[in-house]
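Colleague: File follows, start-v5.txt with compact mmCIF, C-alpha atoms and all ligand atoms:
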```txt
# COMPACT_ATOMS: atom_id res chain seq x y z
CA MET A 1253 -2.29 -27.22 -18.05
CA SER A 1254 -4.26 -24.07 -18.71
CA THR A 1255 -3.34 -22.05 -21.78
CA PHE A 1256 -4.28 -18.84 -19.98
CA GLN A 1257 -1.69 -16.68 -18.26
CA ALA A 1258 -2.12 -13.70 -15.97
CA PRO A 1259 -2.16 -10.55 -18.18
CA LYS A 1260 1.11 -8.75 -18.84
CA GLY A 1261 2.18 -6.59 -15.93
CA THR A 1262 0.14 -8.56 -13.41
CA TYR A 1263 0.91 -11.49 -11.19
CA ASP A 1264 -0.90 -13.82 -8.87
CA LEU A 1265 -0.36 -13.86 -5.16
CA ILE A 1266 -0.10 -17.42 -4.00
CA PRO A 1267 0.97 -19.09 -0.76
CA PRO A 1268 3.36 -18.88 0.91
CA ARG A 1269 4.38 -15.44 -0.47
CA SER A 1270 0.80 -14.19 -0.33
CA ALA A 1271 0.99 -14.38 3.48
CA VAL A 1272 3.76 -11.78 3.39
CA PHE A 1273 1.50 -9.41 1.42
CA LEU A 1274 -1.25 -9.80 3.98
CA ALA A 1275 1.20 -9.14 6.80
CA VAL A 1276 2.50 -6.02 5.05
CA ARG A 1277 -1.01 -4.68 4.51
CA ASP A 1278 -1.76 -5.41 8.11
CA ALA A 1279 1.40 -3.76 9.45
CA ILE A 1280 0.73 -0.58 7.47
CA SER A 1281 -2.95 -0.36 8.32
CA ALA A 1282 -2.19 -1.11 11.98
CA GLN A 1283 -0.34 2.21 12.15
CA ALA A 1284 -3.27 4.12 10.65
CA ARG A 1285 -5.75 2.33 12.88
CA SER A 1286 -3.65 3.14 15.94
CA ALA A 1287 -3.97 6.84 15.11
CA GLY A 1288 -7.74 7.05 14.70
CA TYR A 1289 -8.08 6.46 10.97
CA GLY A 1290 -11.33 4.68 10.00
CA TYR A 1291 -11.59 2.16 7.17
CA VAL A 1292 -12.97 3.31 3.83
CA GLU A 1293 -13.58 1.28 0.70
CA THR A 1294 -14.46 2.80 -2.66
CA PRO A 1295 -15.29 1.26 -6.06
CA GLY A 1296 -12.54 -0.08 -8.29
CA PHE A 1297 -13.68 2.31 -11.05
CA GLU A 1298 -14.87 5.91 -11.11
CA ASP A 1299 -16.00 8.58 -13.53
CA VAL A 1300 -12.92 9.18 -15.66
CA ASN A 1301 -13.17 12.94 -15.04
CA LEU A 1302 -12.58 12.51 -11.33
CA PHE A 1303 -9.02 11.47 -12.11
CA ALA A 1304 -8.57 13.79 -15.10
CA ARG A 1305 -9.47 16.77 -12.93
CA GLY A 1306 -7.97 15.56 -9.70
CA VAL A 1307 -4.74 13.84 -10.69
CA GLY A 1308 -4.12 16.29 -13.54
CA GLU A 1309 -4.65 16.43 -17.31
CA SER A 1310 -0.94 16.59 -18.09
CA THR A 1311 0.28 13.80 -15.83
CA ASP A 1312 1.49 10.49 -17.24
CA ILE A 1313 -1.15 8.79 -15.14
CA VAL A 1314 -4.00 10.55 -16.94
CA THR A 1315 -2.55 10.92 -20.43
CA LYS A 1316 -1.00 7.47 -20.81
CA GLU A 1317 -1.72 5.12 -17.97
CA MET A 1318 -5.43 5.04 -17.24
CA TYR A 1319 -7.52 2.04 -18.13
CA THR A 1320 -10.62 3.74 -19.48
CA LEU A 1321 -13.82 2.21 -20.70
CA THR A 1322 -17.19 3.24 -21.99
CA THR A 1323 -20.04 1.21 -20.54
CA LYS A 1324 -22.95 -0.06 -22.60
CA GLY A 1325 -24.92 2.78 -21.03
CA GLY A 1326 -22.39 5.32 -22.33
CA ASP A 1327 -20.66 6.16 -19.03
CA GLN A 1328 -16.97 7.01 -19.27
CA LEU A 1329 -15.20 5.19 -16.49
CA ALA A 1330 -11.60 4.53 -15.49
CA LEU A 1331 -10.14 1.80 -13.33
CA ARG A 1332 -8.73 3.72 -10.39
CA PRO A 1333 -5.06 4.58 -10.89
CA GLU A 1334 -4.71 5.90 -7.32
CA GLY A 1335 -6.74 6.23 -4.14
CA THR A 1336 -6.81 9.83 -2.96
CA ALA A 1337 -9.29 11.30 -5.45
CA SER A 1338 -11.75 8.44 -4.82
CA VAL A 1339 -11.49 8.68 -1.04
CA LEU A 1340 -12.04 12.43 -1.11
CA ARG A 1341 -14.96 11.97 -3.51
CA ALA A 1342 -16.49 9.42 -1.12
CA ALA A 1343 -16.01 11.69 1.90
CA LEU A 1344 -17.66 14.60 0.07
CA GLN A 1345 -20.51 12.43 -1.18
CA ALA A 1346 -21.23 11.17 2.36
CA ASN A 1347 -20.87 14.69 3.78
CA LEU A 1348 -18.30 13.43 6.27
CA HIS A 1349 -16.76 16.90 6.29
CA LYS A 1350 -20.02 18.43 7.53
CA GLN A 1351 -20.22 16.38 10.67
CA GLY A 1352 -18.09 18.80 12.62
CA ASN A 1353 -15.20 16.52 13.39
CA LEU A 1354 -12.45 17.58 11.05
CA PRO A 1355 -10.06 16.20 10.12
CA VAL A 1356 -11.82 13.16 8.75
CA LYS A 1357 -9.18 10.44 8.97
CA LEU A 1358 -9.54 7.45 6.66
CA TRP A 1359 -7.40 4.49 5.60
CA TYR A 1360 -7.85 2.06 2.74
CA SER A 1361 -6.28 -0.92 1.06
CA GLY A 1362 -6.82 -2.10 -2.46
CA SER A 1363 -5.82 -2.68 -6.05
CA TYR A 1364 -4.84 0.10 -8.45
CA TYR A 1365 -4.36 0.01 -12.20
CA ARG A 1366 -1.93 1.82 -14.44
CA TYR A 1367 -1.08 0.93 -18.01
CA GLU A 1368 2.67 1.25 -17.46
CA ARG A 1369 5.67 -0.33 -19.11
CA ALA A 1370 5.86 -3.46 -17.01
CA GLN A 1371 9.19 -4.21 -15.33
CA ALA A 1372 10.49 -5.41 -11.98
CA GLY A 1373 8.61 -3.47 -9.32
CA ARG A 1374 6.34 -1.75 -11.80
CA TYR A 1375 3.08 -3.48 -12.53
CA ARG A 1376 -0.19 -2.71 -14.27
CA HIS A 1377 -2.13 -3.98 -11.32
CA PHE A 1378 -0.62 -3.21 -7.94
CA SER A 1379 -1.61 -2.88 -4.35
CA GLN A 1380 -1.51 0.09 -1.99
CA VAL A 1381 -2.46 0.87 1.56
CA GLY A 1382 -3.29 4.53 2.00
CA ALA A 1383 -4.27 7.02 4.66
CA GLU A 1384 -5.89 10.42 4.19
CA ALA A 1385 -6.60 13.18 6.73
CA ILE A 1386 -9.23 15.45 5.22
CA GLY A 1387 -10.19 18.99 6.19
CA ALA A 1388 -7.43 20.38 8.42
CA GLU A 1389 -4.43 22.55 7.79
CA ASP A 1390 -2.08 21.61 10.58
CA PRO A 1391 1.61 20.77 10.24
CA ALA A 1392 1.19 18.19 13.00
CA LEU A 1393 -1.10 16.24 10.68
CA ASP A 1394 1.54 16.15 7.92
CA ALA A 1395 4.08 15.10 10.55
CA GLU A 1396 1.73 12.44 11.94
CA LEU A 1397 1.36 10.80 8.55
CA ILE A 1398 5.08 10.77 7.83
CA ILE A 1399 5.81 9.35 11.28
CA LEU A 1400 3.13 6.65 10.84
CA ALA A 1401 4.53 5.58 7.47
CA ASP A 1402 8.02 5.48 8.93
CA GLN A 1403 6.75 3.40 11.83
CA ALA A 1404 5.01 1.02 9.41
CA TYR A 1405 8.23 0.31 7.52
CA ARG A 1406 10.19 0.13 10.75
CA SER A 1407 7.74 -2.32 12.34
CA LEU A 1408 8.22 -4.58 9.33
CA GLY A 1409 11.96 -4.55 9.93
CA LEU A 1410 12.95 -2.38 6.95
CA ARG A 1411 16.04 -0.24 7.44
CA GLN A 1412 17.47 0.73 4.05
CA TYR A 1413 14.91 3.36 3.12
CA ARG A 1414 15.14 7.11 3.05
CA ILE A 1415 12.51 9.78 3.42
CA LEU A 1416 12.66 12.60 0.89
CA LEU A 1417 10.83 15.78 1.87
CA ASN A 1418 9.91 18.92 0.01
CA SER A 1419 7.37 21.74 -0.05
CA LEU A 1420 5.56 22.59 -3.27
CA GLY A 1421 4.24 25.91 -2.04
CA ASP A 1422 0.64 27.08 -2.29
CA LYS A 1423 -1.55 29.15 -4.56
CA GLU A 1424 0.27 32.31 -3.46
CA CYS A 1425 3.85 31.40 -4.16
CA ARG A 1426 3.68 28.56 -6.65
CA PRO A 1427 2.45 30.67 -9.60
CA VAL A 1428 5.45 32.99 -9.18
CA TYR A 1429 7.80 30.03 -9.18
CA ARG A 1430 5.94 28.44 -12.05
CA GLU A 1431 6.66 31.43 -14.23
CA ALA A 1432 10.31 31.54 -13.28
CA LEU A 1433 10.62 27.86 -14.08
CA GLN A 1434 8.80 28.26 -17.38
CA THR A 1435 11.13 31.05 -18.44
CA PHE A 1436 14.06 28.81 -17.59
CA LEU A 1437 12.62 25.77 -19.42
CA ARG A 1438 11.89 27.74 -22.59
CA GLY A 1439 15.62 28.33 -22.93
CA LEU A 1440 16.49 24.61 -22.89
CA ASP A 1441 16.96 22.15 -25.69
CA LEU A 1442 13.87 20.00 -25.14
CA ASP A 1443 11.71 17.88 -27.44
CA GLU A 1444 8.30 19.12 -28.47
CA GLU A 1445 6.30 17.04 -26.01
CA THR A 1446 8.41 18.20 -23.09
CA LEU A 1447 8.13 21.82 -24.20
CA ARG A 1448 4.35 21.41 -24.35
CA ARG A 1449 4.44 19.94 -20.88
CA ALA A 1450 6.51 22.91 -19.72
CA GLU A 1451 3.65 25.17 -20.79
CA ILE A 1452 0.87 23.13 -19.14
CA ASN A 1453 2.69 21.92 -16.06
CA PRO A 1454 6.33 22.96 -15.83
CA LEU A 1455 6.91 21.30 -12.43
CA ARG A 1456 6.26 17.98 -14.09
CA VAL A 1457 9.39 18.47 -16.20
CA LEU A 1458 11.52 18.41 -13.05
CA ASP A 1459 10.37 14.83 -12.61
CA ASP A 1460 11.69 13.81 -16.05
CA LYS A 1461 14.04 10.93 -15.45
CA ARG A 1462 15.92 11.11 -18.77
CA PRO A 1463 19.62 11.92 -18.22
CA ASP A 1464 19.80 14.47 -21.07
CA VAL A 1465 16.89 16.36 -19.52
CA GLN A 1466 18.20 16.04 -15.98
CA LYS A 1467 21.57 17.42 -17.12
CA GLN A 1468 19.91 20.59 -18.34
CA LEU A 1469 17.94 20.96 -15.13
CA VAL A 1470 20.94 21.31 -12.85
CA ASP A 1471 20.56 25.09 -12.68
CA ALA A 1472 16.77 25.15 -12.68
CA PRO A 1473 15.24 27.57 -10.18
CA LEU A 1474 14.07 25.77 -7.04
CA LEU A 1475 10.69 26.23 -5.43
CA ARG A 1476 12.45 26.35 -2.09
CA ASP A 1477 13.74 29.81 -2.99
CA TYR A 1478 10.25 31.06 -3.89
CA LEU A 1479 8.19 29.83 -0.92
CA CYS A 1480 6.03 32.53 0.68
CA ASP A 1481 6.43 33.18 4.41
CA ALA A 1482 3.36 31.13 5.35
CA CYS A 1483 4.58 28.10 3.37
CA LYS A 1484 8.08 28.47 4.73
CA ALA A 1485 6.84 28.58 8.33
CA TYR A 1486 4.52 25.63 7.72
CA HIS A 1487 7.33 23.58 6.24
CA GLU A 1488 9.70 24.44 9.08
CA GLU A 1489 7.11 23.26 11.59
CA VAL A 1490 6.61 19.95 9.77
CA ARG A 1491 10.38 19.43 9.70
CA ALA A 1492 10.71 20.28 13.40
CA LEU A 1493 7.93 17.88 14.43
CA ILE A 1494 9.35 14.97 12.43
CA THR A 1495 12.82 15.67 13.74
CA ALA A 1496 11.53 15.75 17.32
CA ALA A 1497 10.02 12.31 16.71
CA GLY A 1498 13.47 11.02 15.80
CA VAL A 1499 12.53 10.42 12.16
CA VAL A 1500 15.42 11.10 9.82
CA PHE A 1501 14.67 12.67 6.44
CA GLU A 1502 16.44 14.35 3.57
CA ASP A 1503 15.41 17.65 2.02
CA ASP A 1504 14.88 17.10 -1.69
CA PRO A 1505 14.10 20.42 -3.36
CA LYS A 1506 13.42 18.69 -6.70
CA LEU A 1507 10.82 16.24 -5.42
CA VAL A 1508 7.56 16.94 -7.29
CA ARG A 1509 5.80 13.54 -7.44
CA GLY A 1510 3.69 12.29 -10.32
CA LEU A 1511 0.34 13.82 -9.41
CA ASP A 1512 -0.72 17.41 -9.84
CA TYR A 1513 -2.84 17.92 -6.77
CA TYR A 1514 -0.04 18.32 -4.25
CA THR A 1515 0.57 21.58 -2.38
CA ARG A 1516 3.05 22.34 0.36
CA THR A 1517 4.32 19.13 2.03
CA THR A 1518 5.35 16.34 -0.35
CA PHE A 1519 7.36 13.30 0.57
CA GLU A 1520 8.51 10.01 -0.79
CA PHE A 1521 9.92 6.90 0.83
CA VAL A 1522 12.63 5.41 -1.36
CA HIS A 1523 14.38 2.11 -0.84
CA ASP A 1524 17.98 1.67 -1.91
CA GLY A 1525 17.73 -2.04 -2.72
CA LEU A 1526 15.15 -1.81 -5.49
CA GLY A 1527 16.93 -0.39 -8.53
CA ALA A 1528 14.98 1.95 -10.79
CA GLN A 1529 11.58 1.54 -9.11
CA SER A 1530 12.83 2.74 -5.77
CA ALA A 1531 9.76 4.59 -4.44
CA VAL A 1532 8.02 2.38 -1.91
CA GLY A 1533 5.53 5.01 -0.86
CA GLY A 1534 4.70 8.65 -1.10
CA GLY A 1535 2.25 11.36 -0.35
CA GLY A 1536 1.69 14.92 0.59
CA ARG A 1537 -0.73 17.74 1.15
CA TYR A 1538 -3.47 18.46 -1.37
CA ASP A 1539 -5.21 21.60 -0.20
CA GLY A 1540 -6.84 22.34 -3.56
CA LEU A 1541 -8.07 18.92 -4.61
CA SER A 1542 -11.51 19.16 -3.03
CA GLU A 1543 -12.31 22.33 -4.97
CA MET A 1544 -10.88 20.79 -8.14
CA ILE A 1545 -13.47 18.02 -7.94
CA GLY A 1546 -16.35 20.33 -7.06
CA GLY A 1547 -16.21 20.35 -3.25
CA PRO A 1548 -15.61 23.10 -0.71
CA ALA A 1549 -12.13 24.14 0.40
CA LEU A 1550 -10.82 21.21 2.43
CA PRO A 1551 -7.09 21.25 3.07
CA SER A 1552 -5.95 17.65 3.37
CA VAL A 1553 -2.90 15.43 3.51
CA GLY A 1554 -2.27 11.72 2.92
CA TRP A 1555 -0.05 8.96 1.66
CA ALA A 1556 -0.17 5.71 -0.25
CA LEU A 1557 2.37 3.00 0.38
CA GLY A 1558 2.98 0.37 -2.28
CA VAL A 1559 2.52 -3.14 -0.94
CA ASP A 1560 4.25 -4.87 -3.88
CA ARG A 1561 7.41 -2.79 -3.56
CA THR A 1562 7.41 -3.04 0.22
CA VAL A 1563 7.49 -6.83 -0.16
CA LEU A 1564 10.32 -6.49 -2.71
CA ALA A 1565 12.16 -4.23 -0.25
CA LEU A 1566 11.79 -6.84 2.51
CA GLU A 1567 13.20 -9.46 0.14
CA ALA A 1568 16.05 -7.13 -0.89
CA GLU A 1569 17.00 -6.63 2.75
CA GLY A 1570 16.57 -10.33 3.51
CA VAL A 1571 13.98 -9.58 6.19
CA GLU A 1572 11.93 -12.64 7.07
CA LEU A 1573 8.69 -11.68 8.75
CA ASP A 1574 7.84 -13.67 11.80
CA LEU A 1575 4.62 -15.15 10.46
CA PRO A 1576 2.90 -17.45 12.93
CA ALA A 1577 1.68 -20.75 11.44
CA THR A 1578 -1.91 -20.31 10.37
CA THR A 1579 -2.89 -23.80 11.51
CA SER A 1580 -2.54 -24.76 15.17
CA VAL A 1581 -3.94 -28.26 15.01
CA PHE A 1582 -3.88 -30.84 12.21
CA ALA A 1583 -6.11 -33.90 12.48
CA VAL A 1584 -5.05 -37.18 10.86
CA ALA A 1585 -7.71 -39.87 10.67
CA ILE A 1586 -7.18 -43.41 9.40
CA GLY A 1587 -10.36 -45.29 8.49
CA GLU A 1588 -13.96 -44.22 7.98
CA GLU A 1589 -15.05 -44.27 11.59
CA ALA A 1590 -12.04 -42.28 12.77
CA ARG A 1591 -12.63 -39.77 10.00
CA ARG A 1592 -16.16 -39.19 11.20
CA LEU A 1593 -15.06 -38.76 14.81
CA LEU A 1594 -12.11 -36.50 14.05
CA PHE A 1595 -13.97 -34.39 11.50
CA GLY A 1596 -16.47 -33.65 14.27
CA LYS A 1597 -13.61 -32.71 16.58
CA VAL A 1598 -12.14 -30.43 13.92
CA THR A 1599 -15.40 -28.49 13.78
CA GLU A 1600 -15.55 -28.36 17.57
CA LEU A 1601 -12.00 -26.99 17.83
CA ARG A 1602 -12.67 -24.40 15.12
CA ARG A 1603 -15.82 -23.29 16.90
CA ALA A 1604 -13.66 -22.85 20.00
CA GLY A 1605 -11.46 -20.49 17.98
CA ILE A 1606 -8.55 -22.86 17.33
CA ALA A 1607 -7.26 -22.91 13.74
CA THR A 1608 -7.54 -26.53 12.70
CA ASP A 1609 -7.07 -28.50 9.50
CA PHE A 1610 -7.92 -32.06 8.51
CA SER A 1611 -6.33 -34.82 6.44
CA PHE A 1612 -8.64 -34.66 3.44
CA GLY A 1613 -8.52 -37.02 0.52
CA GLY A 1614 -8.17 -40.31 2.37
CA LYS A 1615 -4.37 -40.46 2.41
CA GLY A 1616 -2.53 -43.03 4.48
CA LEU A 1617 -0.84 -42.28 7.79
CA LYS A 1618 2.50 -41.38 6.28
CA GLY A 1619 1.16 -38.94 3.70
CA SER A 1620 -1.17 -37.36 6.24
CA MET A 1621 1.62 -36.85 8.78
CA LYS A 1622 3.62 -35.15 6.06
CA ASP A 1623 0.69 -32.77 5.53
CA ALA A 1624 0.54 -32.18 9.27
CA ASN A 1625 4.22 -31.28 9.27
CA ARG A 1626 3.90 -29.01 6.29
CA SER A 1627 0.98 -27.15 7.86
CA GLY A 1628 3.22 -25.88 10.64
CA ALA A 1629 0.62 -26.97 13.20
CA ARG A 1630 1.84 -27.26 16.76
CA ILE A 1631 -0.38 -30.27 17.43
CA ALA A 1632 -1.26 -33.33 15.37
CA LEU A 1633 -4.30 -35.36 16.34
CA VAL A 1634 -4.10 -38.96 15.19
CA ALA A 1635 -6.81 -41.61 15.35
CA GLY A 1636 -6.99 -45.06 13.76
CA GLU A 1637 -9.01 -48.19 14.42
CA ARG A 1638 -6.99 -49.18 17.48
CA ASP A 1639 -7.39 -45.77 19.06
CA LEU A 1640 -11.13 -45.89 18.48
CA ALA A 1641 -11.32 -49.32 20.11
CA GLU A 1642 -9.53 -47.84 23.11
CA GLY A 1643 -11.75 -44.74 23.09
CA VAL A 1644 -8.88 -42.28 22.62
CA ILE A 1645 -7.35 -39.79 20.20
CA GLN A 1646 -3.56 -39.46 20.09
CA VAL A 1647 -2.42 -35.91 20.75
CA LYS A 1648 1.07 -35.23 19.47
CA ASP A 1649 3.00 -32.11 20.36
CA MET A 1650 4.94 -31.52 17.12
CA GLU A 1651 7.48 -29.35 18.89
CA SER A 1652 8.54 -31.75 21.65
CA GLY A 1653 7.54 -34.93 19.82
CA GLU A 1654 5.59 -36.09 22.87
CA GLN A 1655 2.43 -38.03 22.21
CA ARG A 1656 -0.33 -39.11 24.59
CA PRO A 1657 -3.80 -40.62 24.32
CA VAL A 1658 -6.69 -38.37 25.30
CA ALA A 1659 -10.39 -39.19 25.66
CA PRO A 1660 -12.47 -37.38 22.99
CA ASP A 1661 -14.34 -35.41 25.64
CA ALA A 1662 -11.10 -34.09 27.12
CA LEU A 1663 -9.61 -33.14 23.76
CA LEU A 1664 -10.36 -29.43 23.80
CA ASP A 1665 -8.73 -28.96 27.22
CA ALA A 1666 -5.71 -31.01 26.21
CA VAL A 1667 -5.24 -28.93 23.06
CA ARG A 1668 -5.64 -25.69 24.97
CA GLY A 1669 -3.11 -26.93 27.52
CA ILE A 1670 -0.45 -27.34 24.86
CA LEU A 1671 -1.24 -24.16 22.91
CA GLY A 1672 -1.16 -22.18 26.12
P1 LIG B 1701 2.28 7.19 -6.27
O1 LIG B 1701 1.14 7.84 -5.62
O2 LIG B 1701 2.19 7.08 -7.74
O3 LIG B 1701 3.60 7.75 -5.83
O4 LIG B 1701 2.26 5.71 -5.72
C1 LIG B 1701 2.49 5.40 -4.38
C2 LIG B 1701 3.23 4.10 -4.27
O5 LIG B 1701 2.53 3.07 -4.95
C3 LIG B 1701 4.60 4.11 -4.94
O6 LIG B 1701 5.57 4.61 -4.07
C4 LIG B 1701 4.80 2.65 -5.26
O7 LIG B 1701 5.29 1.96 -4.12
C5 LIG B 1701 3.42 2.17 -5.54
N1 LIG B 1701 3.22 2.11 -7.01
C6 LIG B 1701 2.82 3.10 -7.83
N2 LIG B 1701 2.75 2.66 -9.10
C7 LIG B 1701 3.10 1.36 -9.08
C8 LIG B 1701 3.22 0.34 -10.08
N3 LIG B 1701 2.93 0.56 -11.35
N4 LIG B 1701 3.62 -0.90 -9.68
C9 LIG B 1701 3.90 -1.16 -8.38
N5 LIG B 1701 3.80 -0.24 -7.41
C10 LIG B 1701 3.40 1.01 -7.75
```
Now, as a test, write the supplied structure out as structure tokens.
Modeller:
Amino acid sequence: MSTFQAPKGTYDLIPPRSAVFLAVRDAISAQARSAGYGYVETPGFEDVNLFARGVGESTDIVTKEMYTLTTKGGDQLALRPEGTASVLRAALQANLHKQGNLPVKLWYSGSYYRYERAQAGRYRHFSQVGAEAIGAEDPALDAELIILADQAYRSLGLRQYRILLNSLGDKECRPVYREALQTFLRGLDLDEETLRRAEINPLRVLDDKRPDVQKQLVDAPLLRDYLCDACKAYHEEVRALITAAGVVFEDDPKLVRGLDYYTRTTFEFVHDGLGAQSAVGGGGRYDGLSEMIGGPALPSVGWALGVDRTVLALEAEGVELDLPATTSVFAVAIGEEARRLLFGKVTELRRAGIATDFSFGGKGLKGSMKDANRSGARIALVAGERDLAEGVIQVKDMESGEQRPVAPDALLDAVRGILG
């Protein structure tokens, strides 16, 4: 046995559970693809300043959770803790926003890294599928993304999740609120670090999960009461569009999220079967991010859904995904000559697009049939010396149990006939 273990806060995805992860990624991305989002892939690491500037200097992600490194060439890099800043950086670098077809709609899927206190549902290496719509200020775009995420969870069979919705205002109204909140926070009994945070980024304090802090925040001023008319109207339109789509949500005036770049619409999908790490996905509008990382003004909106927690949510609800068997045909050969013949047939079937596996390792009939069963294949092909002498391959329908001899040349048709 190996003495090495996966690093703390990480885990390996292995069959059969790994198939569920793939299906979840696929179900989420299917929604984005169905709405005109194109696939984007960015590096696993970036200039550390992209995240410091974009995600925010006072966020936990930047101050505590980034995996940073200095290369031998002296570059300061960070493993990506989230996807939005990278995707926007890539869009700006490729001048996608200058091609006259805004919004640029992109989706992605990948691994993200945060040096967090590892616990159930919170890992140091985790997986997200995200979607970003760059360069348009349109409440229908915010609504589209929320509806797509809802549809993704729904299509997977999840039911026990809630959508929390809020508006964080814009550069007109947020500063006014920020000051009101700061004045309020200065009067509370908070530790030094939290007071410092209140000066740099007071909204962040609202996200403090500690009960003694939360208790003091009950009477905190709410951004909702400070929204300017434009933000209010925008938010009302988003709410109306989601409601018209039949998507149920809850207004959560204290929702601020863990990243600084959000403006106006913010939302989170929380699942009630997950305990403390209940957020399965989240997102919002980030109208200022492009300028923060050196680009032009590009109002944008997006989300990232956590694959790991979505799988945990499926397990919590007892949802079994209907995963079709990956192998349709399993070939069992007894004896050298039969192996040669059937191995050739396996290749032929695969080339015809039929997922086929083979009894490797020279097992006997019994062991090989067990493998065929385990593979979930609909059809087992069996050939031994006697079959070869008779010039046939036995084709067994594993569902009905029926078995019949078929000439090698007629095999493909016979298999197709059963698979339908
Ligand atoms: P965030 O942008 O931080 O809200 O992340 C979006 C989603 O990614 C969350 O709702 C989680 O489902 C997932 N996520 C974030 N951090 C972690 C983590 N450390 N472990 C597992 N999933 C995470």
Colleague: Taking all atoms listed in the file into account, which residues are within 9 Å of ligand LIG 1701 (chain B), as a ChimeraX atom specification?
Modeller: /A:1261,1313,1333-1336,1364-1382,1509-1511,1520-1522,1529-1535,1555-1562
Colleague: Using only C-alpha atoms, which of the listed residues (A:Val1356, A:Leu1302, A:Leu1573, A:Cys1480) sits closest to Arg1269 (chain A)?
Modeller: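 Once distances to Arg1269 (chain A) are computed over only C-alpha atoms, the minimum belongs to A:Leu1573.
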Colleague: Given all atoms listed in the file as the basis, pick out the residue of A:Ala1392, A:Ser1310, A:Gly1614, A:Gly1288 nearest to Arg1448 (chain A).
Modeller: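 Result for the nearest residue to Arg1448 (chain A): A:Ser1310.
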Colleague: Please indicate the distance in Å from CA of Arg1449 (chain A) to CA of Tyr1514 (chain A), rounded to one decimal place.
Modeller: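 Taking CA of Arg1449 (chain A) and CA of Tyr1514 (chain A), their separation equals 17.3 Å.
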Colleague: Could you work out how far CA of Pro1660 (chain A) lies from CA of Val1644 (chain A), giving the answer in Å with one decimal?
Modeller: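 According to the coordinates, CA of Val1644 (chain A) and CA of Pro1660 (chain A) are separated by 6.1 Å.
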Colleague: What lies within 10 Å of Val1508 (chain A) using only C-alpha atoms, ignoring chain neighbours under 6 positions off, as a list of chain:residue names?
Modeller: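 Neighbouring residues, sequence-local ones excluded: A:Leu1417, A:Asn1418, A:Ser1419, A:Leu1420, A:Leu1455, A:Arg1456, A:Val1457, A:Leu1458, A:Asp1459, A:Leu1475, A:Tyr1514, A:Thr1515, A:Thr1518, A:Phe1519, A:Glu1520.
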